[in-house]
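Data block for work.csv (CSV, C-alpha atoms and all ligand atoms):
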chain,number,residue,atom,x,y,z
R,1,MET,CA,225.9,321.3,149.7
R,2,ARG,CA,226.3,317.6,150.6
R,3,LYS,CA,224.2,315.7,153.1
R,4,LYS,CA,224.5,312.1,154.1
R,5,PHE,CA,221.6,310.2,155.7
R,6,LYS,CA,221.5,306.9,157.4
R,7,PHE,CA,218.5,304.6,158.0
R,8,SER,CA,217.9,301.0,159.2
R,9,GLN,CA,216.2,300.3,155.9
R,10,VAL,CA,215.7,302.2,152.6
R,11,VAL,CA,213.1,300.9,150.1
R,12,THR,CA,212.4,302.1,146.6
R,13,PRO,CA,211.1,301.0,143.3
R,14,LEU,CA,213.7,301.2,140.5
R,15,GLY,CA,213.7,301.6,136.8
R,16,THR,CA,212.1,303.4,133.9
R,17,PRO,CA,208.3,304.0,134.5
R,18,PRO,CA,205.7,303.0,133.9
R,19,LEU,CA,206.5,299.8,135.8
R,20,LYS,CA,204.3,297.0,134.5
R,21,GLY,CA,203.2,293.6,135.5
R,22,GLU,CA,205.8,291.8,137.5
R,23,GLU,CA,208.2,294.8,137.5
R,24,MET,CA,205.7,296.5,139.9
R,25,GLY,CA,206.4,293.9,142.6
R,26,LYS,CA,210.1,294.4,142.8
R,27,LEU,CA,211.5,296.9,145.2
R,28,ALA,CA,215.2,297.6,146.1
R,29,VAL,CA,215.8,297.1,149.8
R,30,TYR,CA,219.0,298.5,151.4
R,31,GLU,CA,219.7,297.4,154.9
R,32,PRO,CA,221.1,299.6,156.4
R,33,GLY,CA,220.4,302.3,153.9
R,34,GLU,CA,222.4,305.4,153.1
R,35,ILE,CA,221.5,308.4,150.9
R,36,LEU,CA,224.1,310.9,149.8
R,37,VAL,CA,222.5,314.1,148.6
R,38,GLU,CA,224.1,317.1,146.8
R,39,ASP,CA,222.2,320.3,146.1
R,40,GLY,CA,218.8,318.6,146.6
R,41,ARG,CA,219.6,315.6,144.3
R,42,ILE,CA,220.5,312.1,145.1
R,43,LEU,CA,224.2,311.5,144.4
R,44,GLU,CA,224.4,307.9,145.7
R,45,ILE,CA,222.2,305.4,147.4
R,46,GLY,CA,222.9,301.9,148.8
R,47,ASP,CA,223.8,300.0,151.9
R,48,LYS,CA,227.1,301.9,151.8
R,49,THR,CA,227.9,305.2,150.0
R,50,SER,CA,231.1,307.2,149.6
R,51,PRO,CA,232.8,308.2,152.9
R,52,ALA,CA,231.3,311.4,154.3
R,53,PRO,CA,230.2,312.4,157.8
R,54,TYR,CA,226.5,311.7,158.5
R,55,THR,CA,224.6,315.0,158.7
R,56,GLU,CA,221.4,313.3,159.6
R,57,GLU,CA,221.2,309.8,161.2
R,58,TYR,CA,217.8,308.2,161.9
R,59,PHE,CA,218.3,305.2,164.2
R,60,GLY,CA,215.6,302.5,163.8
R,61,THR,CA,213.7,304.1,161.0
R,62,ILE,CA,213.0,303.5,157.3
R,63,ALA,CA,213.0,305.8,154.3
R,64,ILE,CA,210.8,305.5,151.3
R,65,PRO,CA,210.3,307.8,148.3
R,66,ALA,CA,207.9,310.7,149.1
R,67,LEU,CA,204.4,309.8,147.9
R,68,VAL,CA,203.0,311.0,144.6
R,69,ASP,CA,199.3,311.7,144.1
R,70,ALA,CA,198.4,310.9,140.5
R,71,HIS,CA,194.8,312.1,140.8
R,72,ASN,CA,193.8,315.2,142.8
R,73,HIS,CA,191.2,318.0,142.3
R,74,LEU,CA,192.8,320.3,144.8
R,75,PRO,CA,191.8,323.9,143.8
R,76,PHE,CA,188.0,324.0,144.3
R,77,GLY,CA,185.7,326.2,146.3
R,78,GLY,CA,183.6,325.1,149.3
R,79,GLU,CA,182.9,321.7,150.6
R,80,ARG,CA,179.8,319.5,150.6
R,81,LEU,CA,179.2,318.5,154.2
R,82,ARG,CA,175.3,318.7,154.1
R,83,GLU,CA,175.4,316.4,151.1
R,84,PHE,CA,177.7,314.0,152.9
R,85,GLN,CA,175.3,313.9,155.8
R,86,MET,CA,172.3,313.3,153.5
R,87,LYS,CA,174.2,310.4,151.8
R,88,LEU,CA,174.8,308.8,155.2
R,89,GLU,CA,171.1,309.2,156.0
R,90,GLY,CA,170.3,307.3,152.8
R,91,HIS,CA,169.1,310.0,150.5
R,92,SER,CA,169.4,309.4,146.8
R,93,TYR,CA,171.7,311.2,144.3
R,94,MET,CA,168.6,313.0,142.8
R,95,GLU,CA,167.3,314.1,146.2
R,96,ILE,CA,170.8,315.5,146.9
R,97,ALA,CA,170.9,317.3,143.6
R,98,ARG,CA,167.5,318.8,144.2
R,99,ALA,CA,168.7,320.1,147.6
R,100,GLY,CA,171.4,322.0,145.7
R,101,GLY,CA,174.2,319.4,146.1
R,102,GLY,CA,176.4,317.6,143.6
R,103,ILE,CA,179.1,318.9,141.3
R,104,ARG,CA,177.0,322.0,140.5
R,105,ALA,CA,177.3,323.2,144.1
R,106,THR,CA,181.1,323.1,143.7
R,107,VAL,CA,181.0,324.8,140.3
R,108,LYS,CA,179.0,327.6,142.0
R,109,ALA,CA,181.4,327.9,144.9
R,110,THR,CA,184.5,327.8,142.7
R,111,ARG,CA,183.2,330.5,140.4
R,112,GLU,CA,182.3,332.7,143.3
R,113,ALA,CA,185.7,332.4,144.9
R,114,SER,CA,188.3,335.0,143.9
R,115,PHE,CA,191.8,333.9,142.9
R,116,ASP,CA,193.1,334.9,146.4
R,117,GLU,CA,190.3,333.0,148.2
R,118,LEU,CA,190.9,329.9,146.1
R,119,LEU,CA,194.6,330.1,146.6
R,120,GLN,CA,194.1,330.5,150.4
R,121,VAL,CA,191.9,327.5,150.8
R,122,SER,CA,194.1,325.4,148.5
R,123,LEU,CA,197.3,326.4,150.4
R,124,GLN,CA,195.7,325.2,153.6
R,125,ARG,CA,194.8,321.8,152.0
R,126,ALA,CA,198.2,321.5,150.5
R,127,PHE,CA,199.8,321.8,153.9
R,128,TRP,CA,198.0,318.7,155.1
R,129,ILE,CA,198.8,317.0,151.8
R,130,ILE,CA,202.5,317.5,152.5
R,131,LYS,CA,202.2,316.7,156.2
R,132,ASN,CA,200.8,313.3,155.1
R,133,GLY,CA,203.8,312.5,153.1
R,134,THR,CA,203.0,313.6,149.5
R,135,ALA,CA,205.7,315.7,147.8
R,136,SER,CA,204.2,315.7,144.3
R,137,THR,CA,200.6,316.0,143.3
R,138,GLU,CA,198.3,316.6,140.5
R,139,ALA,CA,195.8,319.6,140.7
R,140,LYS,CA,192.9,319.5,138.3
R,141,SER,CA,190.6,322.3,137.2
R,142,GLY,CA,187.2,321.3,136.0
R,143,TYR,CA,185.0,323.2,138.5
R,144,GLY,CA,185.1,326.5,136.6
R,145,LEU,CA,183.7,325.1,133.3
R,146,ASN,CA,184.1,328.6,131.6
R,147,LEU,CA,187.1,330.4,130.3
R,148,GLN,CA,187.9,332.6,133.3
R,149,ASP,CA,187.2,330.2,136.1
R,150,GLU,CA,189.1,327.2,134.5
R,151,ILE,CA,192.1,329.6,134.0
R,152,LYS,CA,191.7,330.8,137.6
R,153,GLN,CA,191.9,327.2,138.9
R,154,LEU,CA,194.9,326.4,136.8
R,155,ARG,CA,196.7,329.5,137.9
R,156,VAL,CA,196.0,328.7,141.5
R,157,ALA,CA,197.5,325.2,140.9
R,158,ARG,CA,200.6,326.7,139.4
R,159,ALA,CA,201.0,329.2,142.2
R,160,LEU,CA,200.8,326.4,144.8
R,161,GLY,CA,203.8,324.7,143.2
R,162,GLU,CA,205.7,328.0,143.2
R,163,VAL,CA,205.3,328.8,146.9
R,164,LEU,CA,205.3,325.3,148.5
R,165,PRO,CA,207.8,322.4,148.8
R,166,LEU,CA,205.4,320.5,146.6
R,167,ASP,CA,205.6,319.6,142.8
R,168,VAL,CA,202.2,320.5,141.5
R,169,VAL,CA,201.1,319.4,138.0
R,170,PRO,CA,198.1,321.4,136.8
R,171,VAL,CA,195.7,319.4,134.7
R,172,PHE,CA,193.0,321.0,132.6
R,173,LEU,CA,189.8,319.0,133.2
R,174,GLY,CA,187.7,321.0,130.8
R,175,GLY,CA,185.5,318.0,130.0
R,176,HIS,CA,184.5,317.4,133.7
R,177,ASP,CA,180.8,318.1,133.2
R,178,VAL,CA,178.3,320.2,131.3
R,179,PRO,CA,178.1,323.6,133.0
R,180,PRO,CA,174.8,324.2,134.9
R,181,GLY,CA,172.1,325.6,132.7
R,182,GLU,CA,174.1,325.3,129.5
R,183,ASP,CA,173.5,323.3,126.3
R,184,LYS,CA,176.0,320.5,125.9
R,185,GLU,CA,176.7,321.1,122.3
R,186,ASP,CA,177.2,324.9,122.9
R,187,TYR,CA,179.7,324.1,125.7
R,188,LEU,CA,181.6,321.6,123.6
R,189,GLN,CA,182.1,324.2,120.9
R,190,LYS,CA,183.2,326.8,123.4
R,191,LEU,CA,185.5,324.3,125.0
R,192,ILE,CA,187.2,323.3,121.8
R,193,ASN,CA,187.2,326.7,120.1
R,194,GLU,CA,187.9,329.1,123.0
R,195,ILE,CA,188.9,327.6,126.3
R,196,MET,CA,191.2,324.8,125.1
R,197,PRO,CA,193.2,327.1,122.8
R,198,ARG,CA,193.7,329.7,125.6
R,199,VAL,CA,194.9,327.1,128.1
R,200,ALA,CA,197.3,325.8,125.5
R,201,GLN,CA,198.6,329.3,124.5
R,202,GLU,CA,199.2,330.3,128.1
R,203,GLY,CA,200.9,327.0,128.8
R,204,LEU,CA,198.7,326.5,131.9
R,205,SER,CA,198.5,322.7,131.5
R,206,ASP,CA,200.2,320.0,129.5
R,207,TYR,CA,197.2,317.7,130.0
R,208,PHE,CA,193.6,317.6,128.9
R,209,ASP,CA,191.2,315.5,131.0
R,210,ALA,CA,187.5,314.6,130.6
R,211,PHE,CA,184.7,312.5,132.3
R,212,CYS,CA,183.1,309.8,130.3
R,213,GLU,CA,180.0,308.5,132.1
R,214,GLU,CA,176.3,308.0,131.5
R,215,GLY,CA,174.7,311.4,131.8
R,216,VAL,CA,178.0,313.2,131.4
R,217,TYR,CA,180.0,312.7,128.2
R,218,SER,CA,179.7,309.8,125.8
R,219,PRO,CA,182.8,308.1,124.2
R,220,ASP,CA,182.1,309.9,120.9
R,221,GLU,CA,182.0,313.3,122.6
R,222,VAL,CA,185.2,312.5,124.5
R,223,GLU,CA,186.8,311.4,121.3
R,224,ARG,CA,185.9,314.8,119.7
R,225,MET,CA,187.5,316.7,122.6
R,226,PHE,CA,190.5,314.4,122.6
R,227,ARG,CA,191.1,314.9,118.8
R,228,ALA,CA,191.1,318.7,119.3
R,229,ALA,CA,193.2,318.5,122.5
R,230,LYS,CA,195.8,316.3,120.8
R,231,GLU,CA,196.1,318.6,117.9
R,232,MET,CA,196.8,321.5,120.4
R,233,GLY,CA,199.6,319.4,121.9
R,234,PHE,CA,197.9,318.3,125.1
R,235,LYS,CA,198.6,314.9,126.7
R,236,LEU,CA,195.4,313.0,127.4
R,237,ARG,CA,193.8,311.6,130.5
R,238,LEU,CA,190.3,310.2,131.1
R,239,HIS,CA,187.9,309.6,134.0
R,240,THR,CA,185.9,306.6,132.8
R,241,ASP,CA,183.9,303.6,133.8
R,242,GLU,CA,183.5,304.9,137.4
R,243,PHE,CA,179.8,304.0,137.7
R,244,SER,CA,179.0,302.1,134.5
R,245,HIS,CA,180.7,300.4,131.5
R,246,THR,CA,181.1,303.1,128.8
R,247,GLY,CA,183.2,301.4,126.1
R,248,ALA,CA,185.6,304.4,126.1
R,249,ILE,CA,188.7,302.6,127.3
R,250,PRO,CA,189.9,301.2,123.9
R,251,MET,CA,189.4,304.6,122.3
R,252,ALA,CA,191.4,306.3,125.0
R,253,VAL,CA,194.2,303.7,124.8
R,254,ASP,CA,194.3,303.9,121.0
R,255,MET,CA,194.6,307.7,121.2
R,256,GLY,CA,197.6,307.3,123.4
R,257,ALA,CA,196.1,308.5,126.7
R,258,VAL,CA,198.6,308.7,129.5
R,259,SER,CA,196.0,307.2,131.8
R,260,VAL,CA,192.5,305.9,132.2
R,261,ASP,CA,191.2,306.6,135.7
R,262,HIS,CA,188.7,304.9,138.0
R,263,ILE,CA,187.7,302.0,135.5
R,264,LEU,CA,185.7,300.1,138.1
R,265,TYR,CA,183.5,298.7,135.2
R,266,ALA,CA,186.3,297.9,132.7
R,267,SER,CA,185.5,294.7,130.8
R,268,ALA,CA,187.9,291.8,130.3
R,269,GLU,CA,188.7,293.2,126.9
R,270,ASP,CA,189.3,296.7,128.3
R,271,ILE,CA,191.7,295.2,130.8
R,272,LYS,CA,193.6,293.4,128.1
R,273,LYS,CA,193.8,296.6,126.1
R,274,ILE,CA,195.3,298.5,129.0
R,275,ALA,CA,197.7,295.7,129.9
R,276,GLY,CA,199.1,295.6,126.4
R,277,SER,CA,199.7,299.4,126.3
R,278,ASP,CA,201.7,302.2,128.0
R,279,THR,CA,198.4,303.7,129.3
R,280,VAL,CA,198.4,303.6,133.1
R,281,ALA,CA,195.3,302.6,135.1
R,282,VAL,CA,195.0,305.3,137.8
R,283,LEU,CA,193.0,303.9,140.7
R,284,MET,CA,191.4,305.7,143.6
R,285,PRO,CA,190.0,303.1,146.1
R,286,THR,CA,189.1,305.9,148.5
R,287,VAL,CA,186.1,306.7,146.2
R,288,SER,CA,184.7,303.2,146.7
R,289,PHE,CA,185.3,303.5,150.5
R,290,PHE,CA,183.7,307.0,150.8
R,291,LEU,CA,180.7,306.2,148.6
R,292,ARG,CA,180.3,302.9,150.5
R,293,LEU,CA,180.5,300.8,147.3
R,294,ASP,CA,181.3,297.1,147.3
R,295,ARG,CA,183.1,297.3,144.0
R,296,TYR,CA,186.8,298.2,143.6
R,297,ALA,CA,188.8,298.6,140.4
R,298,PRO,CA,190.4,295.4,138.9
R,299,ALA,CA,194.0,296.2,139.9
R,300,ARG,CA,195.0,292.6,140.2
R,301,GLU,CA,193.7,291.7,136.7
R,302,ILE,CA,195.6,294.6,135.2
R,303,ILE,CA,198.9,293.8,136.8
R,304,ASP,CA,198.5,290.0,136.2
R,305,GLY,CA,197.9,290.9,132.5
R,306,GLY,CA,201.2,292.8,132.4
R,307,GLY,CA,199.8,296.4,132.8
R,308,ALA,CA,200.7,299.4,134.9
R,309,VAL,CA,198.7,300.8,137.9
R,310,ALA,CA,199.2,304.1,139.7
R,311,LEU,CA,197.3,305.3,142.8
R,312,GLY,CA,195.7,308.6,143.7
R,313,THR,CA,193.4,310.1,146.3
R,314,ASP,CA,190.9,311.7,143.9
R,315,PHE,CA,190.8,314.4,146.5
R,316,ASN,CA,187.5,316.2,145.7
R,317,PRO,CA,184.5,317.5,147.7
R,318,GLY,CA,181.9,315.0,146.4
R,319,SER,CA,183.3,311.5,146.3
R,320,SER,CA,186.7,311.5,148.1
R,321,PRO,CA,187.7,314.3,150.4
R,322,ALA,CA,190.9,312.3,151.2
R,323,LEU,CA,194.1,314.2,151.4
R,324,SER,CA,196.5,311.4,152.5
R,325,MET,CA,198.0,308.9,150.0
R,326,PHE,CA,198.4,306.4,152.9
R,327,PHE,CA,194.7,305.6,152.8
R,328,PRO,CA,194.7,304.6,149.1
R,329,LEU,CA,197.9,302.6,149.8
R,330,TRP,CA,196.2,300.6,152.5
R,331,LEU,CA,193.0,300.1,150.5
R,332,ALA,CA,195.1,299.0,147.5
R,333,VAL,CA,196.3,296.1,149.6
R,334,PHE,CA,193.2,295.3,151.6
R,335,LYS,CA,190.6,295.9,148.9
R,336,MET,CA,192.3,295.6,145.5
R,337,LYS,CA,194.5,292.6,146.2
R,338,MET,CA,197.7,294.4,145.3
R,339,SER,CA,200.9,293.3,147.0
R,340,MET,CA,202.6,295.8,149.4
R,341,GLU,CA,205.4,296.2,146.9
R,342,GLU,CA,203.0,296.9,144.0
R,343,ALA,CA,201.1,299.4,146.1
R,344,LEU,CA,204.3,301.3,146.9
R,345,ALA,CA,205.4,301.4,143.3
R,346,ALA,CA,201.9,302.6,142.3
R,347,ALA,CA,201.9,305.4,144.8
R,348,THR,CA,205.4,306.6,143.9
R,349,LEU,CA,207.2,305.9,140.6
R,350,ASN,CA,204.1,305.0,138.5
R,351,ALA,CA,202.2,308.0,139.8
R,352,ALA,CA,205.1,310.2,139.0
R,353,HIS,CA,205.1,308.9,135.5
R,354,VAL,CA,201.5,309.7,135.0
R,355,LEU,CA,202.3,313.3,136.0
R,356,GLY,CA,205.2,313.5,133.6
R,357,LEU,CA,207.7,313.6,136.6
R,358,GLY,CA,208.9,310.0,136.3
R,359,HIS,CA,212.5,311.1,135.5
R,360,ARG,CA,212.7,313.5,138.5
R,361,VAL,CA,210.8,312.0,141.4
R,362,GLY,CA,209.0,308.8,142.5
R,363,SER,CA,212.1,306.7,143.3
R,364,LEU,CA,215.3,307.0,145.2
R,365,GLU,CA,217.9,306.8,142.5
R,366,PRO,CA,221.0,308.9,141.6
R,367,GLY,CA,220.1,312.1,139.7
R,368,LYS,CA,216.6,312.3,141.2
R,369,LYS,CA,215.2,314.8,143.7
R,370,ALA,CA,215.9,313.8,147.3
R,371,ASP,CA,212.2,313.6,148.1
R,372,PHE,CA,211.7,311.0,150.8
R,373,LEU,CA,209.8,310.1,154.0
R,374,VAL,CA,211.2,308.9,157.3
R,375,LEU,CA,208.9,306.5,159.1
R,376,ASP,CA,209.3,305.2,162.7
R,377,LEU,CA,209.3,301.6,161.5
R,378,LYS,CA,211.9,298.9,160.9
R,379,ASP,CA,210.5,297.2,157.9
R,380,TYR,CA,208.5,298.6,155.0
R,381,ARG,CA,205.8,295.9,155.4
R,382,GLN,CA,204.9,297.5,158.7
R,383,ILE,CA,203.4,300.4,156.7
R,384,PHE,CA,200.6,298.0,155.9
R,385,TYR,CA,200.7,295.9,159.0
R,386,TYR,CA,200.2,298.9,161.3
R,387,PHE,CA,197.6,300.3,159.0
R,388,SER,CA,195.9,303.5,160.2
R,389,GLU,CA,199.1,305.1,161.4
R,390,PRO,CA,202.1,305.4,159.1
R,391,ARG,CA,204.3,306.7,161.9
R,392,LEU,CA,205.6,309.5,159.7
R,393,VAL,CA,208.4,311.4,161.4
R,394,ALA,CA,209.8,313.6,158.6
R,395,VAL,CA,209.1,314.7,155.1
R,396,TYR,CA,212.1,315.7,152.9
R,397,LYS,CA,211.8,317.7,149.8
R,398,GLU,CA,214.9,318.1,147.7
R,399,GLY,CA,217.0,317.1,150.6
R,400,LYS,CA,215.4,319.6,153.0
R,401,ARG,CA,213.3,318.6,156.0
R,402,VAL,CA,210.0,320.4,155.4
R,403,ILE,CA,207.9,318.5,158.0
R,404,SER,CA,209.1,317.1,161.3
R,405,LEU,CA,207.0,315.2,163.8
R,406,PRO,CA,207.7,314.0,167.3
R,407,ARG,CA,208.9,310.4,167.6
R,408,GLN,CA,208.5,310.0,171.3
R,409,TRP,CA,206.6,311.2,174.4
R,410,GLU,CA,207.1,314.8,175.3
R,411,GLY,CA,207.4,316.0,178.9
R,412,MET,CA,207.5,312.7,180.7
R,501,ZN,ZN,188.7,312.8,139.4

What does this structure look like when you write it as structure tokens?
Ligand SMILES: [Zn+2]
Amino acid sequence: MRKKFKFSQVVTPLGTPPLKGEEMGKLAVYEPGEILVEDGRILEIGDKTSPAPYTEEYFGTIAIPALVDAHNHLPFGGERLREFQMKLEGHSYMEIARAGGGIRATVKATREASFDELLQVSLQRAFWIIKNGTASTEAKSGYGLNLQDEIKQLRVARALGEVLPLDVVPVFLGGHDVPPGEDKEDYLQKLINEIMPRVAQEGLSDYFDAFCEEGVYSPDEVERMFRAAKEMGFKLRLHTDEFSHTGAIPMAVDMGAVSVDHILYASAEDIKKIAGSDTVAVLMPTVSFFLRLDRYAPAREIIDGGGAVALGTDFNPGSSPALSMFFPLWLAVFKMKMSMEEALAAATLNAAHVLGLGHRVGSLEPGKKADFLVLDLKDYRQIFYYFSEPRLVAVYKEGKRVISLPRQWEGM
């Protein structure tokens, strides 16, 4: 079935991702903008497309690609409200851990939840994710940290994508932490010899992810996991340099990691290494905001050096319970010195590339899924100018309106 849409302005990044350096700052702007859709895919886009009656006409609005969340821990059990409150009251990380908080609390809650319970709570979160304009997201495991519970999280992630108008990319975060009460070396052996091969065999994730940080895993330990993962056919991603400089970035880039994530403490050499590679820096400024840190990732330096940046929410119960991609978009501009155009490219096409979806979503181009947002704005720069309210009026997934919000007063 064909549908034709008309807007005051349509804005999209273009090209083969990852967009790097100056490419990130170039957007195509069509004024007015038309999108011709057939069977959920974009057939034509431009200021004028082939003659056909408009099926949906949005006067005075703009359309942008639906947002893509490159870093999201969606299927976990519980929340950490008491811990949040303790943090605001000024308690230290150790005090919080002693009070039963931290990642271990989430591991416990995730293990205790049945598949159905985990699916239920994740479905509810996913609704709010879509309602805030995200049509493709990552969903990491990493709170099970044993065979059955890692698999449970990954199956929940897959189920979400099957029932919702949301592309969900499950990512196996088996190297998130050392399971509570276990010996690190024992877990590493179990991870490499039992859990990883099962996830690969069952095709539950194309990616392996780990956390390199002081007190978690060292660069050498990550390299050991990465070698095994690569041999089993996994693509690689890495949480690193979030709270300290680890030295893991060159290793991850040399091993061909799709992304290095967080990297607040990347050195000048690390930045150069990323900028000269296809590895994408995935940045989540919501974490700095939520943890009340003064430091943000060096997005400007990476882009100026010719590298690629993508954005994510890092939705997780400890350091960023943020479901909306608009907040990282705003912070990218206000706190990471990214241009508005770069931020949009990072939250759409480059994020799609990180998730292996760069050929299907993330930009409005012929052949791609007709995943787009309708905003009650006249110019894409108003997304940032009127920060705090994106004026979202509709979310389209494969040419179908899945979310619709009022655009005017009701009952006046
Ligand atoms: Zn994360």

Practice task
May I ask for the distance between atom CA of Met338 of chain R and atom CA of Lys272 of chain R, given in Å to one decimal place?
Solution key: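 So the two atoms, atom CA of Met338 of chain R and atom CA of Lys272 of chain R, lie 17.7 Å apart.
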
Exercise for the section: One decimal, Å: what's the distance from atom CA of Met325 of chain R over to atom CA of Pro32 of chain R, could you say? Expected result: 25.7 Å

Could you list, with a cut-off of 7 Å and counting all atoms listed in the file, the residues of chain R near ligand ZN 501 (chain R), each shown with its nearest atom pair and the distance in Å rounded to one decimal, rows sorted by chain and ascending number, as JSON lines?
{"residue": "R:His71", "atom": "CA", "partner": "R:ZN501", "partner_atom": "ZN", "distance": 6.3}
{"residue": "R:Asn72", "atom": "CA", "partner": "R:ZN501", "partner_atom": "ZN", "distance": 6.6}
{"residue": "R:His73", "atom": "CA", "partner": "R:ZN501", "partner_atom": "ZN", "distance": 6.5}
{"residue": "R:His239", "atom": "CA", "partner": "R:ZN501", "partner_atom": "ZN", "distance": 6.3}
{"residue": "R:Asp314", "atom": "CA", "partner": "R:ZN501", "partner_atom": "ZN", "distance": 5.1}

Practice task
Please provide as JSON, numbers by chain all residues within 7 Å of segment 288-303 of chain R, with the sequence filter that same-chain residues fewer than 6 positions apart are discarded (counting only C-alpha atoms).
Solution key: {"R": [20, 21, 262, 263, 264, 271, 275, 309, 319, 320, 335, 336, 337, 338]}

Exercise for the section: Figure out the distance between atom CA of Asp167 of chain R and atom CA of Leu357 of chain R, please, to one decimal in Å. Expected result: 8.9 Å

Exercise for the section: Choose the residue, out of R:Ser267, R:Thr246, R:Asn350, R:Gln148, that has the smallest atom-to-atom separation from Asp220 of chain R; count all atoms listed in the file. Expected result: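 Going through R:Ser267, R:Thr246, R:Asn350, R:Gln148 one by one, the smallest distance to Asp220 of chain R is for R:Thr246.
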
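Checking R:Glu83, R:Glu117, R:Glu365, R:Asp186 one by one against Leu14 of chain R, counting all atoms listed in the file, you find the shortest gap at R:Glu365.
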
Exercise for the section: Extract, using all atoms listed in the file, all DNA, RNA and protein residues at most 10 Å from Glu38 of chain R, discarding same-chain residues fewer than 6 positions from it, and format them as an MDAnalysis selection string. Expected result: chainID R and resid 1:4 44 367 369:370 398:399

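Using all atoms listed in the file, the smallest distance between any of R:Ile192, R:Val156, R:Ala105, R:Leu67 and Leu311 of chain R comes from R:Leu67.
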
Exercise for the section: Quick one: everything within 12 Å of segment 193-196 of chain R, counting all atoms listed in the file, minus sequence neighbours fewer than 5 positions away in the same chain. Send it as a PyMOL selection string. Expected result: chain R and resi 142+144-151+171-175+186-188+201-209+224-234

With C-alpha atoms kept, could you save the residues just selected as a PDB file, in the coordinates of the input?
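Wrote it out as out-v9.pdb, contents follow:
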ATOM      1  CA  GLY R 142     187.200 321.300 136.000  1.00  0.00           C
ATOM      2  CA  GLY R 144     185.100 326.500 136.600  1.00  0.00           C
ATOM      3  CA  LEU R 145     183.700 325.100 133.300  1.00  0.00           C
ATOM      4  CA  ASN R 146     184.100 328.600 131.600  1.00  0.00           C
ATOM      5  CA  LEU R 147     187.100 330.400 130.300  1.00  0.00           C
ATOM      6  CA  GLN R 148     187.900 332.600 133.300  1.00  0.00           C
ATOM      7  CA  ASP R 149     187.200 330.200 136.100  1.00  0.00           C
ATOM      8  CA  GLU R 150     189.100 327.200 134.500  1.00  0.00           C
ATOM      9  CA  ILE R 151     192.100 329.600 134.000  1.00  0.00           C
ATOM     10  CA  VAL R 171     195.700 319.400 134.700  1.00  0.00           C
ATOM     11  CA  PHE R 172     193.000 321.000 132.600  1.00  0.00           C
ATOM     12  CA  LEU R 173     189.800 319.000 133.200  1.00  0.00           C
ATOM     13  CA  GLY R 174     187.700 321.000 130.800  1.00  0.00           C
ATOM     14  CA  GLY R 175     185.500 318.000 130.000  1.00  0.00           C
ATOM     15  CA  ASP R 186     177.200 324.900 122.900  1.00  0.00           C
ATOM     16  CA  TYR R 187     179.700 324.100 125.700  1.00  0.00           C
ATOM     17  CA  LEU R 188     181.600 321.600 123.600  1.00  0.00           C
ATOM     18  CA  GLN R 201     198.600 329.300 124.500  1.00  0.00           C
ATOM     19  CA  GLU R 202     199.200 330.300 128.100  1.00  0.00           C
ATOM     20  CA  GLY R 203     200.900 327.000 128.800  1.00  0.00           C
ATOM     21  CA  LEU R 204     198.700 326.500 131.900  1.00  0.00           C
ATOM     22  CA  SER R 205     198.500 322.700 131.500  1.00  0.00           C
ATOM     23  CA  ASP R 206     200.200 320.000 129.500  1.00  0.00           C
ATOM     24  CA  TYR R 207     197.200 317.700 130.000  1.00  0.00           C
ATOM     25  CA  PHE R 208     193.600 317.600 128.900  1.00  0.00           C
ATOM     26  CA  ASP R 209     191.200 315.500 131.000  1.00  0.00           C
ATOM     27  CA  ARG R 224     185.900 314.800 119.700  1.00  0.00           C
ATOM     28  CA  MET R 225     187.500 316.700 122.600  1.00  0.00           C
ATOM     29  CA  PHE R 226     190.500 314.400 122.600  1.00  0.00           C
ATOM     30  CA  ARG R 227     191.100 314.900 118.800  1.00  0.00           C
ATOM     31  CA  ALA R 228     191.100 318.700 119.300  1.00  0.00           C
ATOM     32  CA  ALA R 229     193.200 318.500 122.500  1.00  0.00           C
ATOM     33  CA  LYS R 230     195.800 316.300 120.800  1.00  0.00           C
ATOM     34  CA  GLU R 231     196.100 318.600 117.900  1.00  0.00           C
ATOM     35  CA  MET R 232     196.800 321.500 120.400  1.00  0.00           C
ATOM     36  CA  GLY R 233     199.600 319.400 121.900  1.00  0.00           C
ATOM     37  CA  PHE R 234     197.900 318.300 125.100  1.00  0.00           C
TER      38      PHE R 234
END

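Compared by their closest atoms to Leu377 of chain R, and using all atoms listed in the file, the residues R:Gly40, R:Val253, R:Glu34, R:Phe7 rank with R:Phe7 nearest.
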
Practice task
Could you tell me which of R:Lys87, R:Lys6, R:Lys152, R:Arg80 comes closest to Gly101 of chain R if we count all atoms listed in the file?
Solution key: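 Of R:Lys87, R:Lys6, R:Lys152, R:Arg80, the one nearest Gly101 of chain R, counting all atoms listed in the file, is R:Arg80.
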
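The point (200.6, 308.8, 135.5) has these residues within 9 Å of it when all atoms listed in the file are used: Pro18, Ala70, His71, Arg237, Val258, Ser259, Thr279, Val280, Ala281, Val282, Val309, Ala310, Leu311, Leu349, Asn350, Ala351, Ala352, His353, Val354, Leu355, Gly356, Leu357 and Gly358 of chain R.
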